[in-house]
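Below: run05.csv (CSV, C-alpha atoms)
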```
chain,number,residue,atom,x,y,z
A,1,PHE,CA,-21.2,16.1,-14.0
A,2,SER,CA,-24.5,17.5,-14.9
A,3,SER,CA,-26.4,15.2,-12.6
A,4,SER,CA,-28.2,16.8,-9.6
A,5,LEU,CA,-27.1,13.7,-7.6
A,6,VAL,CA,-23.4,14.7,-7.8
A,7,HIS,CA,-21.8,17.6,-5.9
A,8,HIS,CA,-18.2,18.4,-6.8
A,9,GLU,CA,-15.7,20.8,-5.2
A,10,LEU,CA,-12.1,21.6,-5.6
A,11,VAL,CA,-9.9,21.1,-2.4
A,12,ALA,CA,-6.5,22.7,-1.9
A,13,ASN,CA,-6.6,24.0,-5.5
A,14,TYR,CA,-5.9,20.7,-7.2
A,15,SER,CA,-7.6,17.8,-5.4
A,16,HIS,CA,-11.3,16.9,-6.0
A,17,LEU,CA,-14.1,15.8,-3.7
A,18,PHE,CA,-17.3,14.4,-5.1
A,19,ARG,CA,-20.4,13.6,-3.0
A,20,VAL,CA,-23.0,11.3,-4.6
A,21,GLN,CA,-26.3,11.7,-3.0
A,22,GLY,CA,-28.1,8.5,-1.9
A,23,SER,CA,-31.9,8.0,-1.6
A,24,GLN,CA,-31.6,6.6,1.9
A,25,PRO,CA,-29.7,9.1,4.0
A,26,ASP,CA,-29.8,6.7,7.0
A,27,LEU,CA,-27.3,4.4,5.3
A,28,VAL,CA,-23.7,5.3,6.3
A,29,PRO,CA,-21.7,6.5,3.2
A,30,TYR,CA,-18.4,5.1,2.0
A,31,LEU,CA,-15.4,6.7,0.1
A,32,LEU,CA,-13.6,5.6,-3.0
A,33,LEU,CA,-10.1,7.1,-3.3
A,34,ALA,CA,-7.6,7.5,-6.1
A,35,HIS,CA,-4.8,10.0,-6.8
A,36,ILE,CA,-4.1,12.3,-9.8
A,37,ASP,CA,-0.3,12.7,-9.5
A,38,VAL,CA,2.3,10.4,-10.8
A,39,VAL,CA,6.1,9.9,-10.3
A,40,PRO,CA,8.4,11.4,-13.0
A,41,ALA,CA,9.3,9.6,-16.2
A,42,THR,CA,11.3,10.5,-19.3
A,43,GLU,CA,11.4,8.8,-22.7
A,44,SER,CA,15.2,8.7,-22.6
A,45,ASP,CA,15.1,6.2,-19.7
A,46,GLY,CA,14.2,3.5,-22.3
A,47,TRP,CA,10.4,3.6,-22.7
A,48,GLU,CA,8.9,1.8,-25.7
A,49,ALA,CA,6.5,4.7,-26.1
A,50,PRO,CA,6.6,8.3,-24.8
A,51,PRO,CA,5.6,8.0,-21.1
A,52,PHE,CA,2.8,10.6,-21.3
A,53,SER,CA,1.4,9.6,-24.7
A,54,ALA,CA,-1.0,6.8,-23.8
A,55,THR,CA,0.2,5.0,-26.8
A,56,GLU,CA,-1.5,1.6,-27.5
A,57,ILE,CA,0.8,-1.3,-28.4
A,58,ASP,CA,-0.5,-4.8,-28.8
A,59,GLY,CA,-3.6,-4.2,-26.7
A,60,PHE,CA,-1.8,-2.4,-23.9
A,61,ILE,CA,-2.0,1.3,-23.1
A,62,TYR,CA,1.5,2.6,-22.2
A,63,GLY,CA,2.0,5.6,-19.9
A,64,ARG,CA,3.1,6.8,-16.5
A,65,GLY,CA,0.2,6.4,-14.2
A,66,THR,CA,-1.6,3.7,-16.1
A,67,ILE,CA,-1.2,1.4,-13.0
A,68,ASP,CA,-0.5,4.1,-10.4
A,69,ASP,CA,-3.1,5.4,-10.2
A,70,LYS,CA,-4.9,6.7,-13.3
A,71,CYS,CA,-6.6,3.3,-13.9
A,72,SER,CA,-8.6,3.6,-10.6
A,73,LEU,CA,-9.2,7.3,-11.0
A,74,MET,CA,-10.7,6.9,-14.5
A,75,GLY,CA,-12.4,3.6,-13.7
A,76,ILE,CA,-14.3,5.1,-10.7
A,77,LEU,CA,-15.4,8.1,-12.7
A,78,GLN,CA,-16.3,6.2,-15.8
A,79,ALA,CA,-18.3,3.7,-13.7
A,80,LEU,CA,-20.2,6.5,-12.1
A,81,GLU,CA,-20.9,8.1,-15.4
A,82,TYR,CA,-22.3,4.9,-16.9
A,83,LEU,CA,-24.6,4.4,-13.8
A,84,LEU,CA,-25.9,8.0,-14.1
A,85,ILE,CA,-26.5,7.6,-17.9
A,86,LYS,CA,-28.6,4.5,-17.0
A,87,GLY,CA,-30.7,6.5,-14.6
A,88,TYR,CA,-29.4,4.7,-11.6
A,89,MET,CA,-29.9,6.4,-8.2
A,90,PRO,CA,-27.8,4.9,-5.4
A,91,ARG,CA,-29.6,4.1,-2.1
A,92,ARG,CA,-26.3,4.5,-0.2
A,93,GLY,CA,-24.6,7.8,-0.7
A,94,PHE,CA,-20.8,7.8,-1.3
A,95,TYR,CA,-17.8,10.1,-1.8
A,96,ILE,CA,-15.0,10.1,-4.3
A,97,GLY,CA,-11.7,11.6,-3.3
A,98,LEU,CA,-9.0,12.4,-5.8
A,99,GLY,CA,-5.8,13.6,-4.2
A,100,HIS,CA,-3.1,15.5,-6.1
A,101,ASP,CA,0.1,14.7,-4.0
A,102,GLU,CA,-0.1,11.1,-2.9
A,103,GLU,CA,3.4,10.4,-4.2
A,104,ILE,CA,4.8,13.0,-1.8
A,105,LYS,CA,2.7,11.8,1.2
A,106,GLY,CA,-0.6,13.5,0.6
A,107,TYR,CA,-0.2,16.3,3.1
A,108,GLU,CA,-1.9,18.9,0.8
A,109,GLY,CA,-4.4,16.8,-1.1
A,110,ALA,CA,-5.7,13.9,1.0
A,111,MET,CA,-5.2,15.7,4.4
A,112,ASN,CA,-7.2,18.7,3.2
A,113,ILE,CA,-10.0,16.4,1.9
A,114,VAL,CA,-10.0,14.8,5.4
A,115,ARG,CA,-10.2,18.3,7.0
A,116,VAL,CA,-13.2,19.2,4.9
A,117,MET,CA,-15.0,16.0,5.7
A,118,LYS,CA,-14.3,16.3,9.4
A,119,GLN,CA,-15.6,19.9,9.5
A,120,ARG,CA,-18.9,18.5,8.1
A,121,GLY,CA,-19.1,15.7,10.6
A,122,VAL,CA,-18.8,12.9,8.0
A,123,LYS,CA,-18.4,9.4,9.2
A,124,LEU,CA,-17.7,6.6,6.7
A,125,SER,CA,-18.7,2.9,6.6
A,126,PHE,CA,-15.4,2.1,4.8
A,127,VAL,CA,-12.7,3.5,2.5
A,128,LEU,CA,-11.4,1.8,-0.6
A,129,ASP,CA,-8.1,3.0,-2.0
A,130,GLU,CA,-5.3,1.6,-4.2
A,131,GLY,CA,-2.8,-0.8,-2.7
A,132,LEU,CA,-2.8,-4.5,-3.4
A,133,ALA,CA,-4.0,-6.2,-6.6
A,134,ILE,CA,-4.7,-9.5,-8.4
A,135,LEU,CA,-1.5,-11.6,-8.5
A,136,ASP,CA,-1.3,-14.2,-11.2
A,137,GLY,CA,1.9,-16.4,-11.2
A,138,ILE,CA,3.6,-14.0,-8.7
A,139,ILE,CA,3.3,-16.1,-5.6
A,140,SER,CA,5.5,-19.2,-6.1
A,141,GLY,CA,3.6,-22.4,-5.8
A,142,LEU,CA,0.1,-20.8,-5.7
A,143,GLU,CA,-2.4,-22.4,-8.2
A,144,GLY,CA,-4.4,-19.7,-9.9
A,145,PRO,CA,-4.7,-15.9,-9.4
A,146,ALA,CA,-5.2,-14.3,-6.0
A,147,ALA,CA,-6.8,-11.0,-5.2
A,148,LEU,CA,-5.3,-9.6,-2.0
A,149,ILE,CA,-7.2,-6.9,-0.2
A,150,GLY,CA,-5.0,-4.8,2.1
A,151,LEU,CA,-6.2,-4.5,5.7
A,152,THR,CA,-3.3,-2.4,6.9
A,153,GLU,CA,-0.2,-0.6,5.8
A,154,LYS,CA,3.3,-0.8,7.2
A,155,GLY,CA,4.4,2.2,9.3
A,156,GLN,CA,7.5,4.1,8.2
A,157,ALA,CA,10.5,5.8,9.8
A,158,ASN,CA,13.3,7.8,8.4
A,159,VAL,CA,16.4,7.7,10.7
A,160,LYS,CA,19.6,9.6,10.4
A,161,LEU,CA,22.9,8.1,11.7
A,162,SER,CA,25.7,10.5,12.1
A,163,VAL,CA,29.3,10.5,13.4
A,164,SER,CA,31.3,13.7,14.2
A,165,MET,CA,35.1,13.4,14.6
A,166,PRO,CA,37.9,16.0,14.5
A,167,PRO,CA,38.9,16.9,10.9
A,168,GLY,CA,42.4,16.3,9.6
A,169,HIS,CA,44.7,16.0,6.7
A,170,SER,CA,44.8,12.7,4.7
A,171,SER,CA,48.6,12.6,5.1
A,172,ILE,CA,48.2,12.0,8.8
A,173,PRO,CA,44.9,10.1,9.1
A,174,PRO,CA,43.4,9.0,12.4
A,175,LYS,CA,43.1,5.4,13.4
A,176,GLU,CA,39.3,5.6,12.8
A,177,SER,CA,37.5,8.1,10.6
A,178,SER,CA,33.9,9.3,10.8
A,179,ILE,CA,33.3,7.4,7.5
A,180,GLY,CA,34.8,4.2,8.8
A,181,ILE,CA,32.8,4.3,12.1
A,182,LEU,CA,29.6,5.0,10.3
A,183,ALA,CA,30.2,2.4,7.6
A,184,SER,CA,30.7,-0.2,10.4
A,185,ALA,CA,27.4,0.8,12.0
A,186,VAL,CA,25.5,0.6,8.7
A,187,LYS,CA,27.0,-2.8,8.0
A,188,ARG,CA,25.9,-4.1,11.4
A,189,LEU,CA,22.3,-2.9,10.6
A,190,GLU,CA,22.4,-4.8,7.3
A,191,GLU,CA,23.9,-7.9,8.7
A,192,ASN,CA,21.4,-8.0,11.6
A,193,PRO,CA,17.9,-7.6,10.3
A,194,MET,CA,14.9,-6.7,12.5
A,195,PRO,CA,13.4,-9.6,14.4
A,196,ARG,CA,11.0,-12.0,12.7
A,197,LEU,CA,7.3,-11.0,13.4
A,198,PHE,CA,5.6,-13.4,10.9
A,199,GLY,CA,2.2,-14.5,12.3
A,200,LEU,CA,1.7,-11.5,14.6
A,201,GLY,CA,0.0,-9.4,11.9
A,202,PRO,CA,-2.6,-10.0,9.1
A,203,GLU,CA,0.0,-11.7,6.9
A,204,ARG,CA,-0.9,-14.9,8.7
A,205,GLU,CA,-4.5,-14.6,7.5
A,206,THR,CA,-3.2,-14.2,3.9
A,207,PHE,CA,-1.5,-17.6,3.9
A,208,GLU,CA,-4.3,-19.3,5.8
A,209,HIS,CA,-6.8,-18.1,3.2
A,210,LEU,CA,-4.6,-19.2,0.3
A,211,ALA,CA,-3.5,-22.5,1.8
A,212,HIS,CA,-6.0,-24.7,-0.2
A,213,LYS,CA,-4.5,-23.3,-3.5
A,214,PHE,CA,-1.0,-24.7,-2.8
A,215,LYS,CA,0.2,-28.2,-3.4
A,216,LEU,CA,1.6,-30.5,-0.8
A,217,PRO,CA,3.7,-30.0,1.3
A,218,LEU,CA,3.0,-26.2,1.3
A,219,LYS,CA,-0.7,-26.8,1.6
A,220,PHE,CA,-0.1,-28.7,4.9
A,221,ILE,CA,2.3,-26.2,6.2
A,222,MET,CA,0.1,-23.2,5.5
A,223,SER,CA,-3.0,-24.9,7.0
A,224,ASN,CA,-1.1,-25.4,10.2
A,225,LEU,CA,0.7,-22.1,10.8
A,226,TRP,CA,0.2,-22.5,14.6
A,227,LEU,CA,3.0,-25.0,14.2
A,228,PHE,CA,4.9,-24.0,11.1
A,229,SER,CA,5.1,-20.2,11.3
A,230,PRO,CA,8.8,-20.2,12.3
A,231,LEU,CA,9.6,-22.5,9.3
A,232,LEU,CA,7.6,-20.5,6.8
A,233,SER,CA,9.1,-17.2,8.0
A,234,ARG,CA,12.6,-18.6,7.3
A,235,VAL,CA,11.6,-19.5,3.8
A,236,LEU,CA,9.9,-16.2,3.1
A,237,GLU,CA,12.9,-14.1,4.3
A,238,ARG,CA,15.1,-15.5,1.6
A,239,LYS,CA,13.6,-13.2,-1.0
A,240,PRO,CA,13.3,-9.4,-0.7
A,241,ASP,CA,9.7,-9.3,-1.9
A,242,THR,CA,8.5,-11.8,0.7
A,243,ASN,CA,10.9,-10.8,3.4
A,244,ALA,CA,8.8,-7.6,3.7
A,245,PHE,CA,6.0,-9.8,5.1
A,246,VAL,CA,8.2,-11.2,7.9
A,247,ARG,CA,9.6,-8.2,9.6
A,248,THR,CA,10.3,-4.5,9.7
A,249,THR,CA,12.6,-3.9,6.7
A,250,THR,CA,15.8,-1.7,6.8
A,251,ALA,CA,17.0,0.1,3.7
A,252,VAL,CA,20.1,2.3,3.8
A,253,THR,CA,19.2,4.9,1.2
A,254,MET,CA,21.7,7.8,1.5
A,255,PHE,CA,25.4,8.1,2.7
A,256,ASN,CA,27.0,11.5,2.7
A,257,SER,CA,30.5,12.6,3.8
A,258,GLY,CA,33.6,14.5,2.6
A,259,VAL,CA,34.2,17.4,0.3
A,260,LYS,CA,37.8,16.9,-0.8
A,261,VAL,CA,40.0,13.9,-1.5
A,262,ASN,CA,42.8,15.0,0.8
A,263,VAL,CA,40.7,16.0,3.8
A,264,VAL,CA,39.5,13.6,6.5
A,265,PRO,CA,35.9,14.7,6.9
A,266,PRO,CA,34.6,15.7,10.4
A,267,LEU,CA,31.1,14.5,9.7
A,268,ALA,CA,29.5,11.4,8.1
A,269,GLU,CA,25.8,10.9,7.7
A,270,ALA,CA,23.6,8.0,6.6
A,271,PHE,CA,19.9,7.8,6.2
A,272,VAL,CA,17.9,4.7,6.8
A,273,ASN,CA,14.3,4.1,5.6
A,274,LEU,CA,12.4,1.5,7.7
A,275,ARG,CA,9.0,0.0,6.8
A,276,ILE,CA,7.5,-1.0,10.1
A,277,HIS,CA,5.6,-4.3,10.6
A,278,SER,CA,2.2,-4.1,12.1
A,279,ALA,CA,3.4,-5.8,15.3
A,280,HIS,CA,6.2,-3.3,15.8
A,281,SER,CA,6.2,0.4,16.9
A,282,VAL,CA,8.4,3.3,15.9
A,283,GLN,CA,10.0,3.4,19.4
A,284,GLU,CA,10.7,-0.4,19.4
A,285,VAL,CA,12.4,0.0,16.0
A,286,LEU,CA,14.6,2.8,17.4
A,287,ASP,CA,15.5,0.7,20.4
A,288,VAL,CA,16.6,-2.2,18.1
A,289,ILE,CA,18.7,0.2,16.0
A,290,GLN,CA,20.4,1.5,19.1
A,291,GLU,CA,21.2,-2.0,20.4
A,292,THR,CA,22.4,-3.2,17.0
A,293,VAL,CA,24.7,-0.2,16.3
A,294,GLY,CA,26.1,-0.5,19.8
A,295,ASP,CA,28.4,2.5,19.4
A,296,GLU,CA,27.9,5.7,21.4
A,297,ARG,CA,29.8,7.7,18.8
A,298,VAL,CA,27.0,7.1,16.3
A,299,LYS,CA,24.1,9.6,16.9
A,300,ILE,CA,20.7,8.1,16.0
A,301,GLN,CA,18.0,10.6,15.2
A,302,LEU,CA,14.4,10.0,14.1
A,303,MET,CA,13.7,12.5,11.2
A,304,ASP,CA,10.1,11.6,10.7
A,305,GLY,CA,7.8,8.6,10.8
A,306,PHE,CA,4.4,7.1,11.7
A,307,GLU,CA,3.1,4.0,13.3
A,308,PRO,CA,1.7,1.0,11.3
A,309,LEU,CA,-2.0,1.6,10.4
A,310,PRO,CA,-4.7,-0.1,12.4
A,311,VAL,CA,-5.8,-3.5,11.0
A,312,SER,CA,-9.3,-3.3,9.4
A,313,SER,CA,-11.9,-6.0,9.9
A,314,SER,CA,-12.2,-8.9,7.5
A,315,ASN,CA,-14.7,-11.2,9.2
A,316,GLU,CA,-18.1,-12.3,8.1
A,317,ARG,CA,-19.7,-9.2,9.6
A,318,SER,CA,-17.3,-6.8,8.0
A,319,PHE,CA,-19.5,-4.8,5.5
A,320,GLY,CA,-16.7,-3.2,3.5
A,321,PHE,CA,-14.5,-6.3,3.2
A,322,GLN,CA,-17.4,-8.6,2.3
A,323,ILE,CA,-18.8,-6.2,-0.3
A,324,ILE,CA,-15.4,-5.8,-1.9
A,325,LYS,CA,-14.9,-9.6,-1.8
A,326,LYS,CA,-18.3,-10.2,-3.4
A,327,THR,CA,-17.5,-7.6,-6.2
A,328,VAL,CA,-14.2,-9.2,-6.9
A,329,LEU,CA,-15.8,-12.6,-7.3
A,330,ASP,CA,-18.7,-11.2,-9.4
A,331,THR,CA,-16.1,-9.7,-11.8
A,332,PHE,CA,-13.4,-12.4,-11.6
A,333,PRO,CA,-15.0,-15.8,-10.7
A,334,THR,CA,-11.8,-17.8,-10.8
A,335,VAL,CA,-9.9,-15.6,-8.4
A,336,THR,CA,-9.2,-16.5,-4.7
A,337,VAL,CA,-9.7,-13.6,-2.4
A,338,ALA,CA,-7.5,-13.1,0.7
A,339,PRO,CA,-6.7,-10.3,3.2
A,340,GLY,CA,-3.2,-8.9,2.9
A,341,ILE,CA,-0.8,-6.2,4.2
A,342,CYS,CA,0.3,-3.3,2.1
A,343,VAL,CA,4.0,-2.7,2.3
A,344,GLY,CA,3.8,0.7,0.7
A,345,ASN,CA,1.8,3.7,1.8
A,346,THR,CA,-1.3,5.3,0.3
A,347,ASP,CA,-3.5,8.4,0.8
A,348,SER,CA,-6.0,6.2,2.7
A,349,ARG,CA,-3.8,6.4,5.9
A,350,HIS,CA,-5.0,9.9,6.4
A,351,PHE,CA,-8.6,8.9,6.7
A,352,LYS,CA,-8.4,6.7,9.8
A,353,ASP,CA,-10.3,9.2,12.0
A,354,LEU,CA,-13.3,8.9,9.7
A,355,THR,CA,-13.7,5.1,9.7
A,356,GLY,CA,-12.4,2.0,11.3
A,357,ASP,CA,-12.2,0.1,8.1
A,358,ILE,CA,-9.8,1.1,5.3
A,359,TYR,CA,-9.1,-1.3,2.4
A,360,ARG,CA,-6.4,-1.1,-0.2
A,361,PHE,CA,-7.1,-2.9,-3.4
A,362,ALA,CA,-7.6,-2.2,-7.1
A,363,PRO,CA,-8.4,-5.0,-9.6
A,364,VAL,CA,-5.1,-4.5,-11.6
A,365,TRP,CA,-3.9,-7.8,-12.9
A,366,PHE,CA,-0.2,-8.4,-12.3
A,367,LYS,CA,1.7,-11.2,-14.0
A,368,PRO,CA,5.5,-12.0,-13.7
A,369,GLY,CA,7.4,-8.9,-14.8
A,370,ASP,CA,4.5,-6.5,-14.4
A,371,ILE,CA,5.4,-5.4,-10.8
A,372,GLN,CA,8.7,-3.9,-12.1
A,373,ARG,CA,6.7,-1.6,-14.3
A,374,PHE,CA,5.2,0.0,-11.2
A,375,HIS,CA,7.1,3.3,-10.9
A,376,GLY,CA,9.5,1.8,-13.5
A,377,LEU,CA,9.9,1.6,-17.2
A,378,ASN,CA,7.0,0.9,-19.6
A,379,GLU,CA,4.2,1.1,-17.1
A,380,ARG,CA,1.1,-0.2,-18.9
A,381,ILE,CA,-2.3,-1.7,-18.5
A,382,SER,CA,-4.2,-3.9,-21.0
A,383,LYS,CA,-7.4,-2.5,-22.5
A,384,LYS,CA,-9.1,-5.6,-21.2
A,385,ASN,CA,-8.0,-5.0,-17.7
A,386,TYR,CA,-9.0,-1.4,-17.8
A,387,GLU,CA,-12.5,-2.5,-18.9
A,388,GLU,CA,-12.5,-4.9,-16.0
A,389,LEU,CA,-11.7,-2.0,-13.6
A,390,VAL,CA,-14.7,0.0,-14.9
A,391,VAL,CA,-16.9,-3.1,-14.5
A,392,PHE,CA,-15.6,-3.7,-10.9
A,393,TYR,CA,-16.4,-0.2,-9.7
A,394,PHE,CA,-19.7,-0.3,-11.6
A,395,ASN,CA,-20.6,-3.5,-9.7
A,396,LEU,CA,-19.2,-2.2,-6.4
A,397,ILE,CA,-21.4,0.9,-6.3
A,398,GLN,CA,-24.5,-1.2,-6.8
A,399,ASN,CA,-23.4,-3.9,-4.4
A,400,CYS,CA,-23.0,-1.3,-1.7
A,401,ASP,CA,-26.7,-0.5,-1.9
A,402,ILE,CA,-27.7,-3.3,0.4
A,403,GLN,CA,-28.9,-2.2,3.8
A,404,SER,CA,-26.7,-4.7,5.7
A,405,LEU,CA,-24.9,-8.0,5.2
A,406,PRO,CA,-26.9,-11.2,5.5
A,407,GLU,CA,-26.5,-12.9,8.9
A,408,PRO,CA,-23.5,-15.2,8.8
A,409,HIS,CA,-24.2,-18.9,9.0
A,410,SER,CA,-24.2,-20.2,12.6
A,411,SER,CA,-21.9,-23.1,13.5
A,412,VAL,CA,-24.6,-24.4,15.9
A,413,HIS,CA,-27.2,-26.6,14.2
A,414,GLU,CA,-30.7,-27.0,15.6
A,415,LEU,CA,-31.9,-30.6,15.7
```

I need this file expressed as structure tokens, please.
Amino acid sequence: FSSSLVHHELVANYSHLFRVQGSQPDLVPYLLLAHIDVVPATESDGWEAPPFSATEIDGFIYGRGTIDDKCSLMGILQALEYLLIKGYMPRRGFYIGLGHDEEIKGYEGAMNIVRVMKQRGVKLSFVLDEGLAILDGIISGLEGPAALIGLTEKGQANVKLSVSMPPGHSSIPPKESSIGILASAVKRLEENPMPRLFGLGPERETFEHLAHKFKLPLKFIMSNLWLFSPLLSRVLERKPDTNAFVRTTTAVTMFNSGVKVNVVPPLAEAFVNLRIHSAHSVQEVLDVIQETVGDERVKIQLMDGFEPLPVSSSNERSFGFQIIKKTVLDTFPTVTVAPGICVGNTDSRHFKDLTGDIYRFAPVWFKPGDIQRFHGLNERISKKNYEELVVFYFNLIQNCDIQSLPEPHSSVHEL
């Protein structure tokens, strides 16, 4: 950038931090986040176009990263560029952070950006990162599109289960092998999911905000979750994509044992990835695993993990949430806005010491079949939707320039 308003620096060799100067330094700045890196892709997997070619087909741009997360990265920068060309000077200063290793937890990129900002004593009004999106036809029974703004992220734990037994020859096998014992333990985990926690986190707010967009009887059920939460949680847990809202999920991702077909192996190991509900803790999850496995021969070891992220505010006095909501409605007037929970993890989790309000949303439009493209084959974004992203960030930066939110309407009327 040639503008004197923009200061740019390289962080940890590959990440970028921009500071955009505001004309009113007393206004607390905010941060827009995106990441540069993408997950791997090869054309031989079955792509309709080379995954790094940005080929345009029928109004869509195909390429790895078009959804995750080049659309936000380019949209933010292009919106800023347009504002500078127009001679716009923001009143509220802000930062743009572009990490280079989000897909491998952001320990080098985002964490070093945080370190730099902490050293300078920066405090933020709010952070906006990728996460949730606009869902159109994705939520069964919902009339019209919904923009979900993530207030929190699930925590995560990687747990190793292992069994050690004396080795032996397959011609004289023991009654129970390390593989058999561990397989039984894994089966118990899969057959006995973590407890239902629906209604104890922000997922309850999601359905309450969307209730008026459902037809009866769902409208009645979601408008009275104080009574129907147990019923709704049983419905949601039937499908994997909605079960994630109900509880801490358990996924057995690796199982290793044996080196030769005629040797009974002494060691069997399985790895379990858990995405932790906001009403759960890592220790509580470990306790449930211990109780469910119920076998002292199975060693349970926490490899790494972190707690669920704090829940950001979304009430009428929440500056960040209300500004994002207003910008969504300015850009997409027909959309219903609701708070949500992000089941995946983003770079924004590293910034919790700089602000109490972190939001996870990008105005990417998902229709049936599109979510499978995320980290999958034929990732793409329509040219129209990319233009909408640029407009969204263009509007957001300007909407953030108000000094404070208007006072919410009082429920007490003066006579």

Exercise. Please indicate the distance in Å from atom CA of Gly150 of chain A to atom CA of Tyr82 of chain A, rounded to one decimal place.
Key: 27.5 Å

Exercise. Please provide the set of residues having any atom within 12 Å of Val261 of chain A, restricted to all atoms listed in the file, with same-chain residues fewer than 5 positions apart removed, written as a VMD selection string.
Key: chain A and resid 168 to 171

Output C-alpha atoms for every residue in that selection, as an mmCIF file, in the frame of the given file.
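Once written, out18.cif looks like this:
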```cif
data_model
loop_
_atom_site.group_PDB
_atom_site.id
_atom_site.type_symbol
_atom_site.label_atom_id
_atom_site.label_comp_id
_atom_site.auth_asym_id
_atom_site.auth_seq_id
_atom_site.Cartn_x
_atom_site.Cartn_y
_atom_site.Cartn_z
ATOM 1 C CA GLY A 168 42.400 16.300 9.600
ATOM 2 C CA HIS A 169 44.700 16.000 6.700
ATOM 3 C CA SER A 170 44.800 12.700 4.700
ATOM 4 C CA SER A 171 48.600 12.600 5.100
#
```

Hey, could you make a per-residue contact list for segment 341-414 of chain A against segment 124-147 of chain A with 8 Å as the cut-off, showing the nearest pair of atoms and its distance in Å to one decimal, counting only C-alpha atoms, sorted by chain and number, as JSON lines?
```
{"residue": "A:Cys342", "atom": "CA", "partner": "A:Gly131", "partner_atom": "CA", "distance": 6.2}
{"residue": "A:Gly344", "atom": "CA", "partner": "A:Gly131", "partner_atom": "CA", "distance": 7.6}
{"residue": "A:Asn345", "atom": "CA", "partner": "A:Gly131", "partner_atom": "CA", "distance": 7.9}
{"residue": "A:Thr346", "atom": "CA", "partner": "A:Gly131", "partner_atom": "CA", "distance": 7.0}
{"residue": "A:Asp347", "atom": "CA", "partner": "A:Asp129", "partner_atom": "CA", "distance": 7.6}
{"residue": "A:Ser348", "atom": "CA", "partner": "A:Asp129", "partner_atom": "CA", "distance": 6.1}
{"residue": "A:Phe351", "atom": "CA", "partner": "A:Val127", "partner_atom": "CA", "distance": 8.0}
{"residue": "A:Leu354", "atom": "CA", "partner": "A:Leu124", "partner_atom": "CA", "distance": 5.8}
{"residue": "A:Thr355", "atom": "CA", "partner": "A:Leu124", "partner_atom": "CA", "distance": 5.2}
{"residue": "A:Gly356", "atom": "CA", "partner": "A:Phe126", "partner_atom": "CA", "distance": 7.2}
{"residue": "A:Asp357", "atom": "CA", "partner": "A:Phe126", "partner_atom": "CA", "distance": 5.0}
{"residue": "A:Ile358", "atom": "CA", "partner": "A:Val127", "partner_atom": "CA", "distance": 4.7}
{"residue": "A:Tyr359", "atom": "CA", "partner": "A:Leu128", "partner_atom": "CA", "distance": 4.9}
{"residue": "A:Arg360", "atom": "CA", "partner": "A:Gly131", "partner_atom": "CA", "distance": 4.4}
{"residue": "A:Phe361", "atom": "CA", "partner": "A:Leu132", "partner_atom": "CA", "distance": 4.6}
{"residue": "A:Ala362", "atom": "CA", "partner": "A:Glu130", "partner_atom": "CA", "distance": 5.3}
{"residue": "A:Pro363", "atom": "CA", "partner": "A:Ala133", "partner_atom": "CA", "distance": 5.5}
{"residue": "A:Val364", "atom": "CA", "partner": "A:Ala133", "partner_atom": "CA", "distance": 5.4}
{"residue": "A:Trp365", "atom": "CA", "partner": "A:Ile134", "partner_atom": "CA", "distance": 4.9}
{"residue": "A:Phe366", "atom": "CA", "partner": "A:Leu135", "partner_atom": "CA", "distance": 5.1}
{"residue": "A:Lys367", "atom": "CA", "partner": "A:Asp136", "partner_atom": "CA", "distance": 5.1}
{"residue": "A:Pro368", "atom": "CA", "partner": "A:Ile138", "partner_atom": "CA", "distance": 5.7}
```

Practice problem: One decimal, Å: what's the distance from atom CA of Ile36 of chain A over to atom CA of His100 of chain A, could you say? | Solution: 5.0 Å

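Interatomic distance, atom CA of Leu161 of chain A to atom CA of Asn192 of chain A: 16.2 Å.
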
Exercise. Can you pull out every residue within 12 Å of segment 296-307 of chain A, counting only C-alpha atoms, but drop anything in the same chain fewer than 3 positions away, and send it as a PyMOL selection string?
Key: chain A and resi 105+152-165+176-186+248+267-293+310-311+345+349-350

Could segment 51-58 of chain A be completed with N, CA and C atoms and written as a PDB file, in the frame of the given file, please?
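Result saved to out.pdb:
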```pdb
ATOM      1  N   PRO A  51       6.252   8.354 -22.357  1.00  0.00           N
ATOM      2  CA  PRO A  51       5.600   8.000 -21.100  1.00  0.00           C
ATOM      3  C   PRO A  51       4.289   8.745 -20.808  1.00  0.00           C
ATOM      4  N   PHE A  52       4.022   9.821 -21.533  1.00  0.00           N
ATOM      5  CA  PHE A  52       2.800  10.600 -21.300  1.00  0.00           C
ATOM      6  C   PHE A  52       1.917  10.615 -22.565  1.00  0.00           C
ATOM      7  N   SER A  53       2.096   9.620 -23.424  1.00  0.00           N
ATOM      8  CA  SER A  53       1.400   9.600 -24.700  1.00  0.00           C
ATOM      9  C   SER A  53       0.157   8.726 -24.721  1.00  0.00           C
ATOM     10  N   ALA A  54       0.047   7.797 -23.760  1.00  0.00           N
ATOM     11  CA  ALA A  54      -1.000   6.800 -23.800  1.00  0.00           C
ATOM     12  C   ALA A  54      -1.077   6.025 -25.073  1.00  0.00           C
ATOM     13  N   THR A  55       0.099   5.709 -25.592  1.00  0.00           N
ATOM     14  CA  THR A  55       0.200   5.000 -26.800  1.00  0.00           C
ATOM     15  C   THR A  55      -0.278   3.516 -26.634  1.00  0.00           C
ATOM     16  N   GLU A  56      -1.033   3.008 -27.603  1.00  0.00           N
ATOM     17  CA  GLU A  56      -1.500   1.600 -27.500  1.00  0.00           C
ATOM     18  C   GLU A  56      -0.589   0.727 -28.357  1.00  0.00           C
ATOM     19  N   ILE A  57      -0.067  -0.316 -27.712  1.00  0.00           N
ATOM     20  CA  ILE A  57       0.800  -1.300 -28.400  1.00  0.00           C
ATOM     21  C   ILE A  57       0.311  -2.690 -28.016  1.00  0.00           C
ATOM     22  N   ASP A  58      -0.110  -3.447 -29.024  1.00  0.00           N
ATOM     23  CA  ASP A  58      -0.500  -4.800 -28.800  1.00  0.00           C
ATOM     24  C   ASP A  58      -1.556  -5.007 -27.715  1.00  0.00           C
TER      25      ASP A  58
END
```
